[in-house]
Amino acid sequence: MSSTASNIVTSPARQNRVTLRKTVVSCLALAIALLLSIVLMSLIGSEQLPARASLCALASFGTASCGLTRDQFDILFQIRLPRILLAAAVGGSLATAGAAYQALLRNPLAEPYLLGISNGAAVGTMIALVFFGASEWTRPFLAFTGALLATLAVYRLARGRAGATPERLILAGVIVTTFLSSVIVFVTTLMDATRIRSFTFWLLGDLSGTSKALLPVAITIAIVGTLALTLNARSLNLLMLGERDAFDLGVEVGRVRVVVFVVASLLVGSSVAASGSVGYVGLVVPHLARLSLGSDNRISIPAAALGGALFVIVADTVARTIIAPRELPVGAITALIGAPLFIYLLKRA
Amino acid sequence: MFRLLLSHFEIKKLSWLALVILLAACASYQTPSTQNLREITDDAGRRVSLPARVDRVISLAPNLTEIVFAVGGGNRLVGRTSYCDYPPEAKAVAEIGDTLHPSLERIIALRPQVVLISTASQLEVFTQQLQNQNIAVFVTDPHDLDGVFRSIEQIGDILGQKEQAALVVQKLRDRTNAVEQAVKQQQPVRVFYQLSAEPLYTAGHDAFVTDLIRRAGAISVTADVPGAWPKYSNESALAAKPEAIILPTGGSMGTGNSTVTEALRKSPAALANRVYKINDDHLVRPGPRAVDGLEEMASALHPDAFKK
Amino acid sequence: MRPLLEAHDLTVGYDHRVAVANVSLTLNAAEVTAIIGPNGAGKSTLLRALNGQIKLASGTILLDGQPLERLNRRKISRRIAVVAQEAELRFPVTVLEFVLGGRFPWATNAGWGWETERDLQIAEAVLQETELTELSGRLMNELSGGERQRALMARALATEAPILLLDEPTANLDLSHQATLLALVRNRCDRHQASALVVTHDINLASQFADNILLMKEGRTVHSGTPEEVLKPQILEEVFEVRVLVDAHPVTGGPRVTPVHEPYRHN
């Protein structure tokens, strides 16, 4: 392309940058894919449901039974659909949190699971189960607290004279993760497993059981959290390239940092309280989003949210059908898919 | 410095002598109990060498502790796990850790002649270490009630309490037969065994309790699911529409697992209020009290058959 | 005309030691000021304190006549732009996107706002000024050190800020680009009435392009004034502890500083 002024308008750089229109189109496409996956995956499960009748019932939003038996209807609307929606909320939350941490900490490997933030939320939830077992609302709250404390611990540990370099951050994350994992195993071994669940639940995730009351909470937090982080996307774009530079260009670094830490902890907390730690979502999905749509957070954060929801819905469908009627923990599937995918992504980069 | 005191040749001679003496000492080292040996085959197919008279035995599983006491060998039990809480007299016996992580040192310090292990403990490496200490290890692996009866007989044999063991087994068999007879004419009840509500775990094909359920005149809806304690799909539980639900609770589980899982709240069992809480220790320990569990389940599922 | 920025008696502490002590300076429109001095003189610290990044232990900074602490970050970044030594480039970003970051101070919606047409025009103009138009679609980490420096410069120029603070901007540049970059700075100052403060190790570059030179040592101002006033052998020798020869540059006539290295003597 010529570099004279008159041709600048159509320069490839201009064309390739992320615009509002591109963002809306991509997100719309992902949203449609998400909706489709919700519908399709609710037709799949350990029990066979008649496809047409199910689709009809879904389309009527549960008002018509369309020929499904009482039990089939219950399976579809009481068990399967809530679980899929939970998977979407958890996947979206974790992916968004991962994308935000990566931008803020300037580290493509920052992820709630690897940094120990998920484990912090798990310990918080365990405390809620042990001391406030009956009251469900304490769980996401204490999970949030645990996640926030873990975040601060990692951040503090990683800060050296030169600021939190990526290497120090990963190291700090490994320290916090392994320490908290040991705490989890320790407590689950000693305490009554029926009260606080086994450590496979905490460390590998499980979407099979959540009360009807907490599902709307998880969904709301996922949506609100993603919005809150997307509304800081432009600041994050600058922060991603250096804290000092962002400061120089007018970003209120302290404020954005607080927002990201708090919102991301909320997202991770609500996910872990509902389903234990589901790993790799916050690592692989934002990577894929950035790879295909660019590093601009204005598009990659919402795209990660939608992509994360999709990813976990699919992973959970595999987890609950592959050895039906038995079930695998969803975290096992996300790791099995996520780890090789991540290796592949690393090689490409 | 030694080089100055002894010549090279003298050192060599002395070393050989020391070695020979050491080997001889090792060869002649015997515990008194390694004499008068006899051999028994355990459930793992191992041929175990035992002294004729066993005075010191350690149990590494609660069901084995119960069996030892049942055959009258309780006064010879010198070690138990922290979970071994029945009969009450067992609590006076020294603890050597829990079923999964027993303390090797404690066990050795108690100088048992035999250590009884249940395969639920999964202690292969451990058994090797015990054998290195000349401690006999006897593995039991009962999958069903008949296996339990055999374990009782075997342990009775080990402890020289064959007669008492035979008596115990006979009584248990009589009670078992009585139950099976009583429910023979009854329609088998479709039962769901809920091990934990959230996440949902149940008894699979290899679980001990599945045999008890069958004998109690019931069909476990998860009897064909591979494995012992599989994590089960909520959908499939709902679709199974069990007529009754067994909730193991109150024993070692404490107050846990006392409510039916969400997916089964509208099952025929829940709606008909056929949810039965039974002491979990009676259902998962392959020991004498398993027959208690059998009776409790049977009378709950078929009350008409047990009217007195 | 009122100075764009006035700094009075600044003292900055750093881990129990004083990095800058009682330094004052003034930045006027259409002027280039250079700060020179040995390592550890506090030059970069001073620069960072001027845009509010480092807290002052004492002293005041007035930006357009107002105290710096009273102004919010965005206002400051519309008036002061910083060209750092290097950027952290752990995420792939094109040159155009990078330079567009300089329009952030003018964003009406800092959260999820999108660049306007005007933003794009300014970015492209600035890319032309820094001769980066052909590279505008390339990823930043594919660029050479010198090209990246120019991109940093371009981003600062895109902010349209009248005060430019440059921290060793010529460090990674070859000779031709050193001159080009400083000519750019000079141009900005002359044409747009900007004021530039350049921290540099290159005394001769400072001599050529700067209107004022601030010579620092161990946090203090040793001397300030025009190049002719400051670049005197006695002063330089005392500060840098090396023998120097100062003569007139054959082409520009300004002071030219040449260090005289004693040959190493074997004993």
# chains A, B, ... in the order shown; residues from 1 in each chain; ligands from 1
>>> residues_around(residues="region 74-82 of chain A", least_positions_apart="3", cutoff="7 Å", atoms="only C-alpha atoms", output="ChimeraX atom specification")
/A:42,70-71,85-86 /B:234-235
>>> write_last_selection(atoms="all heavy atoms", output="PDB file, in the first residue's frame")
ATOM      1  N   SER A  42     -29.108 -29.390  25.802  1.00  0.00           N
ATOM      2  CA  SER A  42     -30.173 -29.835  26.698  1.00  0.00           C
ATOM      3  C   SER A  42     -30.931 -31.013  26.103  1.00  0.00           C
ATOM      4  O   SER A  42     -31.801 -31.588  26.744  1.00  0.00           O
ATOM      5  CB  SER A  42     -31.122 -28.681  27.042  1.00  0.00           C
ATOM      6  OG  SER A  42     -31.596 -28.074  25.889  1.00  0.00           O
ATOM      7  N   ARG A  70     -44.194 -36.375  32.630  1.00  0.00           N
ATOM      8  CA  ARG A  70     -43.852 -35.553  33.792  1.00  0.00           C
ATOM      9  C   ARG A  70     -42.370 -35.671  34.115  1.00  0.00           C
ATOM     10  O   ARG A  70     -41.674 -34.682  34.339  1.00  0.00           O
ATOM     11  CB  ARG A  70     -44.693 -36.031  34.985  1.00  0.00           C
ATOM     12  CG  ARG A  70     -44.463 -35.253  36.260  1.00  0.00           C
ATOM     13  CD  ARG A  70     -45.242 -33.956  36.267  1.00  0.00           C
ATOM     14  NE  ARG A  70     -44.376 -32.862  36.689  1.00  0.00           N
ATOM     15  CZ  ARG A  70     -44.629 -31.568  36.470  1.00  0.00           C
ATOM     16  NH1 ARG A  70     -45.715 -31.218  35.837  1.00  0.00           N
ATOM     17  NH2 ARG A  70     -43.813 -30.649  36.881  1.00  0.00           N
ATOM     18  N   ASP A  71     -41.884 -36.908  34.128  1.00  0.00           N
ATOM     19  CA  ASP A  71     -40.482 -37.118  34.472  1.00  0.00           C
ATOM     20  C   ASP A  71     -39.546 -36.510  33.434  1.00  0.00           C
ATOM     21  O   ASP A  71     -38.536 -35.890  33.773  1.00  0.00           O
ATOM     22  CB  ASP A  71     -40.186 -38.617  34.581  1.00  0.00           C
ATOM     23  CG  ASP A  71     -40.694 -39.186  35.893  1.00  0.00           C
ATOM     24  OD1 ASP A  71     -40.961 -38.386  36.812  1.00  0.00           O
ATOM     25  OD2 ASP A  71     -40.823 -40.403  35.985  1.00  0.00           O
ATOM     26  N   LEU A  85     -27.251 -23.923  32.301  1.00  0.00           N
ATOM     27  CA  LEU A  85     -27.150 -22.494  32.580  1.00  0.00           C
ATOM     28  C   LEU A  85     -26.056 -22.212  33.603  1.00  0.00           C
ATOM     29  O   LEU A  85     -25.335 -21.221  33.503  1.00  0.00           O
ATOM     30  CB  LEU A  85     -28.503 -21.966  33.083  1.00  0.00           C
ATOM     31  CG  LEU A  85     -29.608 -21.946  32.023  1.00  0.00           C
ATOM     32  CD1 LEU A  85     -30.935 -21.553  32.628  1.00  0.00           C
ATOM     33  CD2 LEU A  85     -29.241 -21.010  30.884  1.00  0.00           C
ATOM     34  N   LEU A  86     -25.951 -23.096  34.580  1.00  0.00           N
ATOM     35  CA  LEU A  86     -24.869 -22.935  35.550  1.00  0.00           C
ATOM     36  C   LEU A  86     -23.518 -23.060  34.867  1.00  0.00           C
ATOM     37  O   LEU A  86     -22.586 -22.292  35.143  1.00  0.00           O
ATOM     38  CB  LEU A  86     -24.989 -23.972  36.674  1.00  0.00           C
ATOM     39  CG  LEU A  86     -23.906 -23.857  37.745  1.00  0.00           C
ATOM     40  CD1 LEU A  86     -24.028 -22.552  38.496  1.00  0.00           C
ATOM     41  CD2 LEU A  86     -23.972 -25.016  38.717  1.00  0.00           C
TER      42      LEU A  86
ATOM     43  N   ASN B 234     -27.948 -37.113  38.059  1.00  0.00           N
ATOM     44  CA  ASN B 234     -29.231 -36.734  38.648  1.00  0.00           C
ATOM     45  C   ASN B 234     -30.402 -37.171  37.769  1.00  0.00           C
ATOM     46  O   ASN B 234     -31.451 -37.598  38.241  1.00  0.00           O
ATOM     47  CB  ASN B 234     -29.297 -35.220  38.838  1.00  0.00           C
ATOM     48  CG  ASN B 234     -28.444 -34.756  39.991  1.00  0.00           C
ATOM     49  OD1 ASN B 234     -28.253 -35.484  40.950  1.00  0.00           O
ATOM     50  ND2 ASN B 234     -27.929 -33.552  39.904  1.00  0.00           N
ATOM     51  N   GLU B 235     -30.184 -37.034  36.457  1.00  0.00           N
ATOM     52  CA  GLU B 235     -31.256 -37.395  35.522  1.00  0.00           C
ATOM     53  C   GLU B 235     -31.630 -38.855  35.660  1.00  0.00           C
ATOM     54  O   GLU B 235     -32.800 -39.231  35.709  1.00  0.00           O
ATOM     55  CB  GLU B 235     -30.798 -37.179  34.084  1.00  0.00           C
ATOM     56  CG  GLU B 235     -30.525 -35.771  33.706  1.00  0.00           C
ATOM     57  CD  GLU B 235     -29.973 -35.701  32.303  1.00  0.00           C
ATOM     58  OE1 GLU B 235     -30.164 -36.656  31.517  1.00  0.00           O
ATOM     59  OE2 GLU B 235     -29.352 -34.681  31.987  1.00  0.00           O
TER      60      GLU B 235
END
>>> residues_around(residues="Asn273 (chain B)", least_positions_apart="4", cutoff="10 Å", atoms="only C-alpha atoms", output="ChimeraX atom specification")
/B:243-245,267-269
>>> write_last_selection(atoms="C-alpha atoms", output="compact mmCIF listing (two decimals), in the first residue's frame")
# COMPACT_ATOMS: atom_id res chain seq x y z
CA GLU B 243 -40.03 -46.96 45.11
CA ALA B 244 -37.89 -46.61 48.19
CA ILE B 245 -34.74 -44.77 49.15
CA SER B 267 -39.76 -39.68 43.20
CA PRO B 268 -42.40 -42.31 44.06
CA ALA B 269 -40.27 -43.14 47.09
>>> interface_residues(of="chain C", to="chain A", cutoff="6 Å", atoms="only C-alpha atoms", output="VMD selection string")
chain C and resid 73 to 74 77 88 to 89 105 111 to 112 136 to 137
>>> closest_residue(among="A:Ile44, A:Ala100, A:Leu36, A:Leu306", to="chain B", atoms="only C-alpha atoms")
A:Ile44
>>> atom_distance(atom1="CA of Gln53 (chain C)", atom2="CA of Tyr14 (chain C)")
13.0 Å
>>> interface_residues(of="chain B", to="chain A", cutoff="8 Å", atoms="only C-alpha atoms", output="PyMOL selection string")
chain B and resi 196+198-200+225+230-236+238-239+253+256-257+263
>>> select_by_dssp(residues="region 43-263 of chain C", states="strand (DSSP E)", output="MDAnalysis selection string")
chainID C and resid 58:63 66:67 80:83 163:167 195:199 212:217 220:225 244:248 255:259
>>> write_last_selection(atoms="C-alpha atoms", output="CSV table (one decimal), in the first residue's frame")
chain,number,residue,atom,x,y,z
C,58,SER,CA,8.5,18.7,49.3
C,59,GLY,CA,8.2,21.4,46.7
C,60,THR,CA,5.4,22.4,44.3
C,61,ILE,CA,4.7,21.8,40.6
C,62,LEU,CA,2.5,24.2,38.8
C,63,LEU,CA,0.9,23.1,35.5
C,66,GLN,CA,-2.3,25.2,38.9
C,67,PRO,CA,-0.8,22.9,41.5
C,80,ILE,CA,2.0,16.3,29.7
C,81,ALA,CA,3.1,13.3,27.6
C,82,VAL,CA,5.9,11.0,28.4
C,83,VAL,CA,8.1,9.1,26.0
C,163,ILE,CA,4.7,19.3,27.3
C,164,LEU,CA,6.8,16.4,26.3
C,165,LEU,CA,8.9,14.5,28.8
C,166,LEU,CA,11.4,12.2,27.1
C,167,ASP,CA,13.5,9.7,29.1
C,195,SER,CA,8.0,22.4,25.4
C,196,ALA,CA,10.2,19.4,25.7
C,197,LEU,CA,12.3,18.1,28.5
C,198,VAL,CA,14.8,15.5,27.4
C,199,VAL,CA,16.8,13.4,29.8
C,212,ASN,CA,18.4,25.1,28.1
C,213,ILE,CA,20.5,22.6,29.9
C,214,LEU,CA,20.1,21.4,33.5
C,215,LEU,CA,23.1,19.7,34.8
C,216,MET,CA,22.5,17.5,37.8
C,217,LYS,CA,24.7,15.5,40.1
C,220,ARG,CA,21.1,18.5,42.9
C,221,THR,CA,21.2,21.1,40.3
C,222,VAL,CA,24.9,21.9,39.6
C,223,HIS,CA,24.2,24.4,36.9
C,224,SER,CA,21.5,25.5,34.5
C,225,GLY,CA,21.4,27.8,31.6
C,244,VAL,CA,36.9,17.1,28.7
C,245,LEU,CA,37.7,19.3,25.9
C,246,VAL,CA,35.1,21.8,24.9
C,247,ASP,CA,35.4,23.5,21.5
C,248,ALA,CA,33.0,25.0,19.0
C,255,PRO,CA,29.8,23.9,22.3
C,256,ARG,CA,31.1,20.5,21.4
C,257,VAL,CA,32.2,18.3,24.3
C,258,THR,CA,34.9,15.6,23.8
C,259,PRO,CA,36.1,13.5,26.7
>>> residues_around(residues="Arg156 (chain A)", least_positions_apart="3", cutoff="12 Å", atoms="only C-alpha atoms", output="ChimeraX atom specification")
/A:149-153,159-161,163-165,168-169,171-173,176
>>> residues_around(residues="region 210-220 of chain B", least_positions_apart="3", cutoff="8 Å", atoms="only C-alpha atoms", output="number ranges by chain")
B: 144-145, 179-180, 183-184, 186-193, 203-207, 223, 283, 290, 293-295, 297-298, 301-302
